>>> print(open('input_12.cif').read())   # mmCIF, C-alpha atoms and all ligand atoms
data_data
loop_
_atom_site.group_PDB
_atom_site.id
_atom_site.type_symbol
_atom_site.label_atom_id
_atom_site.label_comp_id
_atom_site.auth_asym_id
_atom_site.auth_seq_id
_atom_site.Cartn_x
_atom_site.Cartn_y
_atom_site.Cartn_z
ATOM 1 C CA MET T 1433 -4.364 -17.915 19.894
ATOM 2 C CA THR T 1434 -7.100 -15.850 18.261
ATOM 3 C CA ILE T 1435 -6.177 -12.435 16.846
ATOM 4 C CA ALA T 1436 -8.814 -9.754 17.488
ATOM 5 C CA VAL T 1437 -9.011 -7.579 14.385
ATOM 6 C CA ALA T 1438 -10.559 -4.135 13.946
ATOM 7 C CA VAL T 1439 -11.249 -3.226 10.310
ATOM 8 C CA ALA T 1440 -11.514 0.470 9.469
ATOM 9 C CA GLY T 1441 -13.352 1.044 6.204
ATOM 10 C CA ALA T 1442 -15.446 -2.091 6.621
ATOM 11 C CA THR T 1443 -18.248 -0.729 4.437
ATOM 12 C CA GLY T 1444 -15.843 -0.094 1.554
ATOM 13 C CA ARG T 1445 -14.671 -2.313 -1.307
ATOM 14 C CA LEU T 1446 -11.432 -3.467 0.311
ATOM 15 C CA GLY T 1447 -12.525 -3.238 3.945
ATOM 16 C CA SER T 1448 -15.599 -5.407 3.391
ATOM 17 C CA GLN T 1449 -13.396 -8.027 1.714
ATOM 18 C CA ILE T 1450 -11.037 -7.936 4.721
ATOM 19 C CA ALA T 1451 -13.928 -8.215 7.194
ATOM 20 C CA ARG T 1452 -15.301 -11.257 5.337
ATOM 21 C CA LEU T 1453 -11.903 -12.943 5.367
ATOM 22 C CA VAL T 1454 -11.504 -12.283 9.097
ATOM 23 C CA GLU T 1455 -14.957 -13.644 9.872
ATOM 24 C CA ALA T 1456 -14.250 -16.784 7.855
ATOM 25 C CA ALA T 1457 -10.909 -17.551 9.560
ATOM 26 C CA GLU T 1458 -10.883 -19.694 12.703
ATOM 27 C CA ASP T 1459 -7.829 -17.964 14.167
ATOM 28 C CA LEU T 1460 -9.153 -14.415 13.603
ATOM 29 C CA HIS T 1461 -11.976 -12.573 15.337
ATOM 30 C CA LEU T 1462 -13.724 -9.500 13.920
ATOM 31 C CA HIS T 1463 -13.523 -7.221 16.960
ATOM 32 C CA ALA T 1464 -14.865 -4.092 15.221
ATOM 33 C CA ALA T 1465 -16.116 -3.284 11.729
ATOM 34 C CA MET T 1466 -15.710 0.474 11.463
ATOM 35 C CA ASP T 1467 -16.974 3.031 8.989
ATOM 36 C CA SER T 1468 -16.854 6.831 8.983
ATOM 37 C CA SER T 1469 -19.455 7.081 11.766
ATOM 38 C CA THR T 1470 -17.836 4.594 14.152
ATOM 39 C CA PRO T 1471 -16.146 6.054 17.257
ATOM 40 C CA LEU T 1472 -12.413 5.443 17.407
ATOM 41 C CA GLU T 1473 -12.866 3.828 20.829
ATOM 42 C CA SER T 1474 -14.543 0.821 19.231
ATOM 43 C CA MET T 1475 -11.136 -0.496 18.185
ATOM 44 C CA GLN T 1476 -9.986 -0.625 21.832
ATOM 45 C CA GLY T 1477 -9.131 -4.190 22.857
ATOM 46 C CA ALA T 1478 -8.206 -5.256 19.319
ATOM 47 C CA ASP T 1479 -4.807 -6.822 18.689
ATOM 48 C CA VAL T 1480 -4.569 -5.519 15.119
ATOM 49 C CA LEU T 1481 -6.151 -2.659 13.193
ATOM 50 C CA VAL T 1482 -6.393 -3.023 9.425
ATOM 51 C CA ASP T 1483 -6.927 0.396 7.905
ATOM 52 C CA ALA T 1484 -8.595 0.491 4.481
ATOM 53 C CA THR T 1485 -9.991 4.011 4.348
ATOM 54 C CA HIS T 1486 -8.831 7.290 2.802
ATOM 55 C CA TYR T 1487 -5.572 8.986 3.743
ATOM 56 C CA GLU T 1488 -7.103 11.834 5.763
ATOM 57 C CA ALA T 1489 -9.065 9.358 7.918
ATOM 58 C CA SER T 1490 -6.174 6.921 7.994
ATOM 59 C CA LYS T 1491 -3.816 9.380 9.680
ATOM 60 C CA THR T 1492 -6.136 9.655 12.704
ATOM 61 C CA LEU T 1493 -7.083 5.977 12.831
ATOM 62 C CA VAL T 1494 -3.492 4.770 12.670
ATOM 63 C CA ARG T 1495 -2.158 7.139 15.325
ATOM 64 C CA TYR T 1496 -5.066 6.305 17.653
ATOM 65 C CA ALA T 1497 -4.440 2.571 17.221
ATOM 66 C CA LEU T 1498 -0.727 2.839 17.934
ATOM 67 C CA GLU T 1499 -1.250 5.067 20.965
ATOM 68 C CA ASN T 1500 -3.662 2.442 22.301
ATOM 69 C CA GLY T 1501 -1.346 -0.535 21.911
ATOM 70 C CA ILE T 1502 -2.818 -1.872 18.669
ATOM 71 C CA ASP T 1503 -0.494 -3.038 15.890
ATOM 72 C CA THR T 1504 -1.539 -1.774 12.499
ATOM 73 C CA VAL T 1505 -1.726 -2.904 8.895
ATOM 74 C CA ILE T 1506 -2.043 0.132 6.626
ATOM 75 C CA ALA T 1507 -3.691 -0.758 3.328
ATOM 76 C CA THR T 1508 -4.755 2.803 2.537
ATOM 77 C CA SER T 1509 -2.862 4.575 -0.230
ATOM 78 C CA GLY T 1510 -1.282 7.966 0.384
ATOM 79 C CA TRP T 1511 1.326 6.791 2.903
ATOM 80 C CA HIS T 1512 4.337 8.010 0.930
ATOM 81 C CA ALA T 1513 7.911 7.690 2.197
ATOM 82 C CA ASP T 1514 7.996 11.073 3.945
ATOM 83 C CA ARG T 1515 4.739 10.366 5.774
ATOM 84 C CA ILE T 1516 5.959 6.931 6.839
ATOM 85 C CA ALA T 1517 9.160 8.542 8.111
ATOM 86 C CA SER T 1518 7.116 10.965 10.178
ATOM 87 C CA LEU T 1519 5.050 8.106 11.622
ATOM 88 C CA SER T 1520 8.275 6.265 12.397
ATOM 89 C CA ASN T 1521 9.518 9.193 14.487
ATOM 90 C CA ASP T 1522 6.454 8.971 16.770
ATOM 91 C CA LEU T 1523 6.045 5.198 16.845
ATOM 92 C CA PRO T 1524 5.385 3.994 20.417
ATOM 93 C CA GLU T 1525 7.941 1.487 21.735
ATOM 94 C CA GLY T 1526 7.157 -2.101 20.804
ATOM 95 C CA ARG T 1527 4.427 -1.332 18.282
ATOM 96 C CA SER T 1528 4.389 -2.783 14.775
ATOM 97 C CA VAL T 1529 3.167 -1.223 11.554
ATOM 98 C CA LEU T 1530 2.995 -2.949 8.203
ATOM 99 C CA VAL T 1531 2.380 -0.585 5.297
ATOM 100 C CA VAL T 1532 1.046 -2.596 2.374
ATOM 101 C CA PRO T 1533 0.699 -0.606 -0.850
ATOM 102 C CA ASN T 1534 -0.585 -3.744 -2.560
ATOM 103 C CA PHE T 1535 -1.655 -7.105 -1.094
ATOM 104 C CA SER T 1536 -1.249 -8.943 -4.396
ATOM 105 C CA VAL T 1537 1.762 -11.226 -4.758
ATOM 106 C CA GLY T 1538 2.058 -10.465 -8.464
ATOM 107 C CA SER T 1539 2.171 -6.735 -7.850
ATOM 108 C CA VAL T 1540 4.926 -7.148 -5.252
ATOM 109 C CA VAL T 1541 6.944 -9.263 -7.676
ATOM 110 C CA ALA T 1542 6.402 -6.892 -10.620
ATOM 111 C CA SER T 1543 7.437 -3.839 -8.620
ATOM 112 C CA HIS T 1544 10.549 -5.607 -7.384
ATOM 113 C CA ILE T 1545 11.494 -6.574 -10.939
ATOM 114 C CA ALA T 1546 10.984 -2.940 -11.930
ATOM 115 C CA SER T 1547 13.417 -1.841 -9.209
ATOM 116 C CA ILE T 1548 16.046 -4.162 -10.704
ATOM 117 C CA ALA T 1549 15.361 -3.125 -14.301
ATOM 118 C CA GLY T 1550 15.384 0.528 -13.283
ATOM 119 C CA GLN T 1551 19.097 0.296 -12.515
ATOM 120 C CA HIS T 1552 19.804 -0.175 -16.234
ATOM 121 C CA PHE T 1553 17.622 2.557 -17.804
ATOM 122 C CA ASP T 1554 17.508 6.313 -17.267
ATOM 123 C CA SER T 1555 14.156 6.854 -18.979
ATOM 124 C CA ILE T 1556 11.353 5.442 -16.813
ATOM 125 C CA GLU T 1557 7.623 6.180 -16.609
ATOM 126 C CA ILE T 1558 4.646 4.449 -14.960
ATOM 127 C CA ILE T 1559 1.101 4.102 -16.279
ATOM 128 C CA GLU T 1560 -1.429 2.857 -13.753
ATOM 129 C CA ALA T 1561 -5.105 2.146 -14.419
ATOM 130 C CA HIS T 1562 -7.807 1.514 -11.821
ATOM 131 C CA HIS T 1563 -11.572 1.224 -11.598
ATOM 132 C CA GLU T 1564 -13.580 4.386 -12.065
ATOM 133 C CA HIS T 1565 -14.522 4.606 -8.346
ATOM 134 C CA LYS T 1566 -10.995 4.946 -7.032
ATOM 135 C CA VAL T 1567 -10.837 8.280 -5.247
ATOM 136 C CA ASP T 1568 -7.095 8.812 -5.090
ATOM 137 C CA SER T 1569 -4.336 9.199 -7.638
ATOM 138 C CA PRO T 1570 -1.647 8.318 -8.326
ATOM 139 C CA SER T 1571 -2.116 4.856 -6.853
ATOM 140 C CA GLY T 1572 -0.220 3.953 -3.706
ATOM 141 C CA THR T 1573 1.360 1.079 -5.595
ATOM 142 C CA ALA T 1574 2.688 3.371 -8.319
ATOM 143 C CA VAL T 1575 4.116 5.791 -5.779
ATOM 144 C CA ARG T 1576 5.818 2.968 -3.904
ATOM 145 C CA THR T 1577 7.090 1.468 -7.166
ATOM 146 C CA ALA T 1578 8.623 4.799 -8.162
ATOM 147 C CA GLU T 1579 10.175 5.194 -4.700
ATOM 148 C CA GLY T 1580 11.527 1.643 -4.877
ATOM 149 C CA ILE T 1581 13.050 2.170 -8.315
ATOM 150 C CA ALA T 1582 14.649 5.437 -7.219
ATOM 151 C CA SER T 1583 16.110 3.989 -4.028
ATOM 152 C CA ALA T 1584 17.649 1.034 -5.910
ATOM 153 C CA ARG T 1585 19.525 3.382 -8.285
ATOM 154 C CA ASN T 1586 22.828 5.168 -7.803
ATOM 155 C CA THR T 1587 21.687 8.206 -9.790
ATOM 156 C CA PRO T 1588 18.354 10.018 -9.836
ATOM 157 C CA VAL T 1589 15.870 9.559 -12.669
ATOM 158 C CA ALA T 1590 15.320 12.860 -14.454
ATOM 159 C CA ALA T 1591 12.419 12.787 -16.916
ATOM 160 C CA ASN T 1592 12.208 15.527 -19.558
ATOM 161 C CA ASN T 1593 9.602 18.300 -19.860
ATOM 162 C CA VAL T 1594 7.730 17.349 -16.710
ATOM 163 C CA ASP T 1595 6.520 20.927 -16.283
ATOM 164 C CA GLN T 1596 3.924 20.235 -18.993
ATOM 165 C CA ASP T 1597 0.473 19.329 -17.631
ATOM 166 C CA ALA T 1598 0.103 16.102 -19.586
ATOM 167 C CA ARG T 1599 3.393 14.638 -18.391
ATOM 168 C CA GLY T 1600 1.907 13.084 -15.269
ATOM 169 C CA GLN T 1601 2.702 13.510 -11.584
ATOM 170 C CA VAL T 1602 6.380 13.115 -10.872
ATOM 171 C CA VAL T 1603 7.341 10.912 -7.911
ATOM 172 C CA ALA T 1604 11.020 10.328 -7.152
ATOM 173 C CA GLY T 1605 11.806 11.690 -10.628
ATOM 174 C CA ILE T 1606 9.446 9.243 -12.362
ATOM 175 C CA PRO T 1607 6.277 10.483 -14.083
ATOM 176 C CA ILE T 1608 3.140 8.546 -13.112
ATOM 177 C CA HIS T 1609 0.100 8.630 -15.409
ATOM 178 C CA SER T 1610 -3.233 7.619 -13.863
ATOM 179 C CA LEU T 1611 -6.229 6.241 -15.757
ATOM 180 C CA ARG T 1612 -9.605 5.642 -14.105
ATOM 181 C CA LEU T 1613 -11.699 3.330 -16.257
ATOM 182 C CA ARG T 1614 -14.867 1.288 -16.017
ATOM 183 C CA GLY T 1615 -14.059 -2.415 -16.371
ATOM 184 C CA VAL T 1616 -10.580 -2.212 -14.843
ATOM 185 C CA VAL T 1617 -9.667 -3.630 -11.403
ATOM 186 C CA ALA T 1618 -6.017 -2.529 -11.247
ATOM 187 C CA ASP T 1619 -3.218 -2.469 -13.799
ATOM 188 C CA GLN T 1620 0.292 -1.072 -13.706
ATOM 189 C CA GLN T 1621 2.933 -0.764 -16.409
ATOM 190 C CA VAL T 1622 6.466 0.379 -15.722
ATOM 191 C CA ILE T 1623 7.978 1.373 -19.050
ATOM 192 C CA LEU T 1624 11.739 1.695 -19.350
ATOM 193 C CA GLY T 1625 13.273 3.327 -22.416
ATOM 194 C CA GLY T 1626 16.753 2.571 -23.745
ATOM 195 C CA VAL T 1627 18.583 3.081 -27.009
ATOM 196 C CA GLY T 1628 16.383 1.632 -29.726
ATOM 197 C CA GLU T 1629 14.298 -0.404 -27.271
ATOM 198 C CA THR T 1630 11.763 -0.335 -24.473
ATOM 199 C CA VAL T 1631 10.963 -2.797 -21.711
ATOM 200 C CA THR T 1632 7.476 -2.955 -20.174
ATOM 201 C CA ILE T 1633 6.861 -4.617 -16.811
ATOM 202 C CA ARG T 1634 3.134 -5.061 -16.443
ATOM 203 C CA HIS T 1635 0.965 -6.395 -13.660
ATOM 204 C CA GLU T 1636 -2.796 -6.791 -14.000
ATOM 205 C CA THR T 1637 -5.151 -7.468 -11.107
ATOM 206 C CA LEU T 1638 -8.056 -9.365 -12.637
ATOM 207 C CA SER T 1639 -10.033 -9.840 -9.408
ATOM 208 C CA PRO T 1640 -9.831 -8.476 -5.845
ATOM 209 C CA SER T 1641 -9.345 -12.117 -4.779
ATOM 210 C CA ALA T 1642 -5.675 -11.458 -5.656
ATOM 211 C CA TYR T 1643 -5.486 -9.604 -2.317
ATOM 212 C CA ASP T 1644 -6.709 -12.512 -0.133
ATOM 213 C CA LEU T 1645 -3.365 -14.205 0.522
ATOM 214 C CA GLY T 1646 -1.584 -10.972 1.380
ATOM 215 C CA ILE T 1647 -4.370 -9.795 3.678
ATOM 216 C CA GLY T 1648 -4.213 -12.971 5.770
ATOM 217 C CA LEU T 1649 -0.449 -12.896 5.916
ATOM 218 C CA ALA T 1650 -0.314 -9.231 6.939
ATOM 219 C CA ILE T 1651 -2.808 -9.655 9.793
ATOM 220 C CA ARG T 1652 -1.148 -12.790 11.141
ATOM 221 C CA ARG T 1653 2.429 -11.536 10.909
ATOM 222 C CA VAL T 1654 2.339 -7.820 11.640
ATOM 223 C CA SER T 1655 2.851 -8.149 15.402
ATOM 224 C CA ALA T 1656 5.984 -10.255 14.970
ATOM 225 C CA ARG T 1657 7.788 -7.334 13.308
ATOM 226 C CA PRO T 1658 8.229 -4.368 15.693
ATOM 227 C CA GLY T 1659 8.854 -1.087 13.899
ATOM 228 C CA ILE T 1660 7.647 -0.140 10.452
ATOM 229 C CA THR T 1661 7.789 -2.581 7.568
ATOM 230 C CA VAL T 1662 6.913 -1.474 4.066
ATOM 231 C CA GLY T 1663 5.568 -4.016 1.618
ATOM 232 C CA LEU T 1664 4.984 -7.754 1.669
ATOM 233 C CA GLY T 1665 8.168 -8.861 -0.115
ATOM 234 C CA GLU T 1666 9.957 -10.192 2.921
ATOM 235 C CA LEU T 1667 6.816 -11.698 4.487
ATOM 236 C CA LEU T 1668 6.126 -13.589 1.297
ATOM 237 C CA GLY T 1669 9.654 -14.937 1.405
ATOM 238 C CA LEU T 1670 10.279 -13.612 -2.083
ATOM 239 C CA TRP T 1671 13.573 -11.967 -1.113
ATOM 240 C CA THR T 1672 15.323 -10.255 1.731
ATOM 241 C CA VAL T 1673 16.493 -6.726 1.268
ATOM 242 C CA SER T 1674 17.954 -4.811 4.177
ATOM 243 C CA GLY T 1675 18.855 -1.178 4.456
ATOM 244 C CA THR T 1676 17.166 2.110 4.974
ATOM 245 C CA ALA T 1677 14.464 3.130 2.560
ATOM 246 C CA ALA T 1678 14.058 6.620 1.195
ATOM 247 C CA GLY T 1679 12.423 8.523 4.012
ATOM 248 C CA GLY T 1680 13.966 6.430 6.748
ATOM 249 C CA THR T 1681 11.751 3.357 7.007
ATOM 250 C CA THR T 1682 13.396 0.313 8.516
ATOM 251 C CA LYS T 1683 12.533 -2.365 5.966
ATOM 252 C CA GLU T 1684 12.576 -2.013 2.226
ATOM 253 C CA SER T 1685 10.458 -3.709 -0.381
ATOM 254 C CA VAL T 1686 7.312 -2.876 -2.332
HETATM 255 N N1 LIG X 1 -3.254 -2.358 -0.283
HETATM 256 C C1 LIG X 1 -4.043 -2.879 -1.217
HETATM 257 O O1 LIG X 1 -3.780 -3.961 -1.767
HETATM 258 C C2 LIG X 1 -5.280 -2.137 -1.595
HETATM 259 C C3 LIG X 1 -5.465 -0.859 -1.150
HETATM 260 N N2 LIG X 1 -6.613 -0.176 -1.431
HETATM 261 C C4 LIG X 1 -6.747 1.124 -0.835
HETATM 262 O O2 LIG X 1 -7.697 1.025 0.227
HETATM 263 C C5 LIG X 1 -8.340 2.281 0.401
HETATM 264 C C6 LIG X 1 -9.845 2.062 0.386
HETATM 265 O O3 LIG X 1 -10.232 1.686 -0.910
HETATM 266 P P1 LIG X 1 -11.749 1.254 -1.204
HETATM 267 O O4 LIG X 1 -12.154 0.159 -0.299
HETATM 268 O O5 LIG X 1 -11.863 1.068 -2.661
HETATM 269 O O6 LIG X 1 -12.523 2.610 -0.770
HETATM 270 P P2 LIG X 1 -14.057 2.821 -0.500
HETATM 271 O O7 LIG X 1 -14.344 4.241 -0.849
HETATM 272 O O8 LIG X 1 -14.857 1.709 -1.102
HETATM 273 O O9 LIG X 1 -14.193 2.652 1.090
HETATM 274 C C7 LIG X 1 -13.680 3.605 1.966
HETATM 275 C C8 LIG X 1 -14.041 3.198 3.365
HETATM 276 O O10 LIG X 1 -13.445 4.102 4.283
HETATM 277 C C9 LIG X 1 -14.406 4.447 5.233
HETATM 278 N N3 LIG X 1 -14.055 5.659 5.915
HETATM 279 C C10 LIG X 1 -13.928 6.910 5.415
HETATM 280 N N4 LIG X 1 -13.608 7.747 6.410
HETATM 281 C C11 LIG X 1 -13.526 6.984 7.548
HETATM 282 C C12 LIG X 1 -13.249 7.264 8.903
HETATM 283 N N5 LIG X 1 -12.990 8.505 9.316
HETATM 284 N N6 LIG X 1 -13.244 6.247 9.814
HETATM 285 C C13 LIG X 1 -13.496 4.987 9.418
HETATM 286 N N7 LIG X 1 -13.784 4.672 8.142
HETATM 287 C C14 LIG X 1 -13.801 5.671 7.237
HETATM 288 C C15 LIG X 1 -15.699 4.518 4.456
HETATM 289 O O11 LIG X 1 -16.793 4.504 5.358
HETATM 290 P P3 LIG X 1 -18.256 5.108 4.929
HETATM 291 O O12 LIG X 1 -18.957 3.963 4.237
HETATM 292 O O13 LIG X 1 -18.889 5.455 6.224
HETATM 293 O O14 LIG X 1 -17.992 6.283 4.054
HETATM 294 C C16 LIG X 1 -15.548 3.229 3.656
HETATM 295 O O15 LIG X 1 -15.884 2.100 4.472
HETATM 296 C C17 LIG X 1 -7.832 3.187 -0.741
HETATM 297 O O16 LIG X 1 -6.803 3.997 -0.238
HETATM 298 C C18 LIG X 1 -7.280 2.189 -1.750
HETATM 299 O O17 LIG X 1 -6.283 2.748 -2.533
HETATM 300 C C19 LIG X 1 -7.588 -0.755 -2.186
HETATM 301 C C20 LIG X 1 -7.450 -2.013 -2.685
HETATM 302 C C21 LIG X 1 -6.267 -2.819 -2.448
HETATM 303 O O1 LIG X 2 -8.046 1.522 -4.946
HETATM 304 C C1 LIG X 2 -7.735 0.398 -5.379
HETATM 305 O O2 LIG X 2 -8.534 -0.357 -5.948
HETATM 306 C C2 LIG X 2 -6.359 -0.050 -5.177
HETATM 307 N N1 LIG X 2 -5.555 0.713 -4.496
HETATM 308 C C3 LIG X 2 -4.211 0.430 -4.157
HETATM 309 C C4 LIG X 2 -3.294 1.483 -4.728
HETATM 310 O O3 LIG X 2 -3.620 2.679 -4.641
HETATM 311 O O4 LIG X 2 -2.235 1.124 -5.239
HETATM 312 C C5 LIG X 2 -3.816 -0.996 -4.455
HETATM 313 C C6 LIG X 2 -4.465 -1.601 -5.653
HETATM 314 O O5 LIG X 2 -3.854 -1.098 -6.800
HETATM 315 C C7 LIG X 2 -5.952 -1.364 -5.694
#
>>> encode(input="input_12.cif", output="C-alpha cells")
Amino acid sequence: MTIAVAVAGATGRLGSQIARLVEAAEDLHLHAAMDSSTPLESMQGADVLVDATHYEASKTLVRYALENGIDTVIATSGWHADRIASLSNDLPEGRSVLVVPNFSVGSVVASHIASIAGQHFDSIEIIEAHHEHKVDSPSGTAVRTAEGIASARNTPVAANNVDQDARGQVVAGIPIHSLRLRGVVADQQVILGGVGETVTIRHETLSPSAYDLGIGLAIRRVSARPGITVGLGELLGLWTVSGTAAGGTTKESV
C-alpha cells in the first residue's frame, strides 16, 4: 500500500529533505508539498502529514490535519510537554500523532543515556549548539532531554542562581544554554556534576543525513500507533519504556 504524505515546510531545510525522501521511496507518495502560502486544504486526502515548520504555524497545521483524519508526524520544535498534553486532550478518536524532537538515532540514544545518568547527579546542565539559521531556542531536543531527565528522577533538579541572565533558560529545573554558530549542524552536551567529577554525554549531528532513517520510520509507522507517541526510542526498538510522561503523554522516550 502506498502512503500519501503531505509535507508542511517543504521549502525549508528539513521539509525539503523529507519531500525528497518521500519522492524517492516506492511505497510513499508526495501528496502535497506545502509552504507558508499553501492553503491548508491541500493536505486533504493525505494519509500522513509531516510538519516541519515553526511552532506558531505548526499548531494550526497539526490541528487541521487531525480534524481531517490525517495522522501526523510533528518534527517542529516547540511542542513541549504541556502543549502535547493539551493536544492529547483534543485528539480525535483513532488518530495518531508522533512527536519527534530529533530524527537521529544517535540523539535518541544520547538523550536516553542522559535520563539514566541524571538519576545519579543533582547538578545537571545542557549546552546545545545549532547552525546560525535556526530560528528557535532552546532546541526541541534539549527541552525534551531535560523533560526526560526530570521525569526519570525521584527528586527535582534544582540548579543554583538561575535568576541571573547568563544562566540559561531553565526547563524542568535544568538550565539550557543555546549557541547558534556558523559551521555547526547540531550538537548537544548534557553535563552532570558530582563530587570531584563531571560526566559529559555528547551527541553531534555531522550531516542532516542522520535524520533519514528516522524520517522514513516515522512516516511508515505513525498510523500503527493511535494516540500520541513522543520520540523514536520505541520505534527504533532501542528500549521499551511505559508510563505516563510529564504532561500526560501516553508514551515516553526522547
Ligand atoms: N525533528 C528533527 O529531527 C528536526 C527538527 N527540525 C525542526 O524543524 C523545524 C523547521 O526547521 P527548518 O527546516 O530548519 O526551518 P526553515 O526555516 O528552513 O523552514 C521552515 C519552513 O516552514 C514553512 N512555513 C512557515 N510557516 C508555514 C505555514 N504557515 N504553513 C506551511 N509552511 C510554513 C516555511 O515556508 P516558507 O518558505 O513559505 O517560509 C519553510 O518551508 C524547526 O522547528 C526545527 O527545529 C529541524 C531539523 C531536524
Ligand atoms: O533546527 C534544527 O536544525 C534542528 N532542530 C531540532 C531541535 O530543535 O532539536 C532537531 C535537531 O537538533 C536539528
>>> residues_near_ligand(input="input_12.cif", ligand="ligand LIG 2 (chain X)", cutoff="8 Å", atoms="only C-alpha atoms and all ligand atoms", output="PyMOL selection string")
chain T and resi 1445-1446+1507-1510+1533-1535+1562-1563+1565-1575+1617-1619+1637
>>> atom_distance(input="input_12.cif", atom1="atom CA of Ser1641 of chain T", atom2="atom CA of Gln1449 of chain T")
8.7 Å
>>> closest_residue(input="input_12.cif", among="T:Ala1465, T:Val1480, T:Ala1436, T:Ile1633", to="ligand LIG 1 (chain X)", atoms="only C-alpha atoms and all ligand atoms")
T:Ala1465
>>> resolve_selection(input="input_12.cif", expression="the PyMOL selection byres (((chain T and resi 1625) around 8) and not hetatm)", output="list of chain:residue names")
T:Phe1553, T:Asp1554, T:Ser1555, T:Ile1556, T:Ile1623, T:Leu1624, T:Gly1626, T:Val1627, T:Glu1629, T:Thr1630, T:Val1631
>>> residues_near_point(input="input_12.cif", point="(-4.7, -13.7, 17.1)", cutoff="10 Å", atoms="all atoms listed in the file", output="list in words")
Met1433, Thr1434, Ile1435, Ala1436, Val1437, Glu1458, Asp1459, Leu1460, His1461, Ala1478, Asp1479, Val1480, Ile1651, Arg1652, Arg1653 and Ser1655 of chain T
>>> residues_around(input="input_12.cif", residues="Asn1593 of chain T", least_positions_apart="5", cutoff="12 Å", atoms="all atoms listed in the file", output="list in words")
Ala1598, Arg1599, Gly1600, Gln1601, Val1602, Gly1605, Ile1606 and Pro1607 of chain T
>>> axis_aligned_box(input="input_12.cif", around="ligand LIG 1 (chain X)", padding_each_side="3 Å", output="lines of an AutoDock Vina configuration file")
center_x = -11.1
center_y = 2.3
center_z = 3.6
size_x = 21.7
size_y = 18.5
size_z = 18.5
>>> closest_residue(input="input_12.cif", among="T:Glu1557, T:Glu1564, T:Glu1455, T:Asp1597", to="ligand LIG 1 (chain X)", atoms="only C-alpha atoms and all ligand atoms")
T:Glu1564
>>> closest_residue(input="input_12.cif", among="T:Val1505, T:Ile1558, T:Leu1638, T:Ala1546", to="Gly1663 of chain T", atoms="all atoms listed in the file")
T:Val1505
>>> atom_distance(input="input_12.cif", atom1="atom C20 of ligand LIG 1 (chain X)", atom2="atom CA of Asn1521 of chain T")
26.6 Å
>>> closest_residue(input="input_12.cif", among="T:His1463, T:Arg1634, T:His1486, T:Arg1452", to="ligand LIG 1 (chain X)", atoms="only C-alpha atoms and all ligand atoms")
T:His1486
>>> residues_around(input="input_12.cif", residues="Gly1659 of chain T", least_positions_apart="2", cutoff="7 Å", atoms="only C-alpha atoms", output="list in words")
Arg1527, Ser1528, Val1529, Arg1657 and Thr1661 of chain T
>>> residues_around(input="input_12.cif", residues="Ala1497 of chain T", least_positions_apart="2", cutoff="9 Å", atoms="all atoms listed in the file", output="ChimeraX atom specification")
/T:1472,1475-1476,1478,1480-1481,1492-1495,1499-1504
>>> closest_residue(input="input_12.cif", among="T:Val1622, T:Ala1484, T:Val1541, T:Val1589", to="ligand LIG 1 (chain X)", atoms="all atoms listed in the file")
T:Ala1484
>>> closest_residue(input="input_12.cif", among="T:Ala1604, T:Ile1559, T:Ile1647, T:Ala1584", to="ligand LIG 1 (chain X)", atoms="all atoms listed in the file")
T:Ile1647
>>> atom_distance(input="input_12.cif", atom1="atom C6 of ligand LIG 1 (chain X)", atom2="atom CA of Ile1506 of chain T")
10.2 Å
>>> residues_near_point(input="input_12.cif", point="(-15.0, 0.5, 15.5)", cutoff="7 Å", atoms="all atoms listed in the file", output="ChimeraX atom specification")
/T:1438,1440,1464-1466,1470-1475
>>> residues_around(input="input_12.cif", residues="Gly1648 of chain T", least_positions_apart="6", cutoff="9 Å", atoms="all atoms listed in the file", output="PDB file with C-alpha atoms, in the frame of the given file")
ATOM      1  CA  ILE T1450     -11.037  -7.936   4.721  1.00  0.00           C
ATOM      2  CA  LEU T1453     -11.903 -12.943   5.367  1.00  0.00           C
ATOM      3  CA  VAL T1454     -11.504 -12.283   9.097  1.00  0.00           C
ATOM      4  CA  ALA T1457     -10.909 -17.551   9.560  1.00  0.00           C
TER       5      ALA T1457
END
>>> resolve_selection(input="input_12.cif", expression="the PyMOL selection byres (((chain T and resi 1580) around 8) and not hetatm)", output="JSON, numbers by chain")
{"T": [1543, 1544, 1547, 1576, 1577, 1578, 1579, 1581, 1582, 1583, 1584, 1685, 1686]}
>>> decode(input="input_12.cif", residues="segment 1603-1611 of chain T", atoms="N, CA and C atoms", output="JSON list (two decimals), in the first residue's frame")
[["chain", "number", "residue", "atom", "x", "y", "z"],
["T", 1603, "VAL", "N", 14.50, 24.55, 32.04],
["T", 1603, "VAL", "CA", 13.40, 23.65, 31.66],
["T", 1603, "VAL", "C", 13.44, 22.45, 32.60],
["T", 1604, "ALA", "N", 12.34, 22.20, 33.27],
["T", 1604, "ALA", "CA", 12.25, 21.09, 34.22],
["T", 1604, "ALA", "C", 13.41, 21.15, 35.23],
["T", 1605, "GLY", "N", 13.78, 22.35, 35.62],
["T", 1605, "GLY", "CA", 14.83, 22.54, 36.62],
["T", 1605, "GLY", "C", 16.24, 22.52, 36.05],
["T", 1606, "ILE", "N", 16.38, 22.29, 34.76],
["T", 1606, "ILE", "CA", 17.70, 22.13, 34.14],
["T", 1606, "ILE", "C", 18.00, 23.32, 33.23],
["T", 1607, "PRO", "N", 19.08, 24.05, 33.49],
["T", 1607, "PRO", "CA", 19.41, 25.17, 32.61],
["T", 1607, "PRO", "C", 19.88, 24.68, 31.24],
["T", 1608, "ILE", "N", 19.35, 25.32, 30.20],
["T", 1608, "ILE", "CA", 19.76, 25.00, 28.82],
["T", 1608, "ILE", "C", 20.41, 26.25, 28.23],
["T", 1609, "HIS", "N", 21.60, 26.06, 27.66],
["T", 1609, "HIS", "CA", 22.38, 27.15, 27.07],
["T", 1609, "HIS", "C", 22.43, 26.92, 25.56],
["T", 1610, "SER", "N", 21.99, 27.90, 24.79],
["T", 1610, "SER", "CA", 21.90, 27.72, 23.34],
["T", 1610, "SER", "C", 22.95, 28.54, 22.60],
["T", 1611, "LEU", "N", 23.69, 27.89, 21.73],
["T", 1611, "LEU", "CA", 24.66, 28.55, 20.85],
["T", 1611, "LEU", "C", 24.14, 28.45, 19.42]]
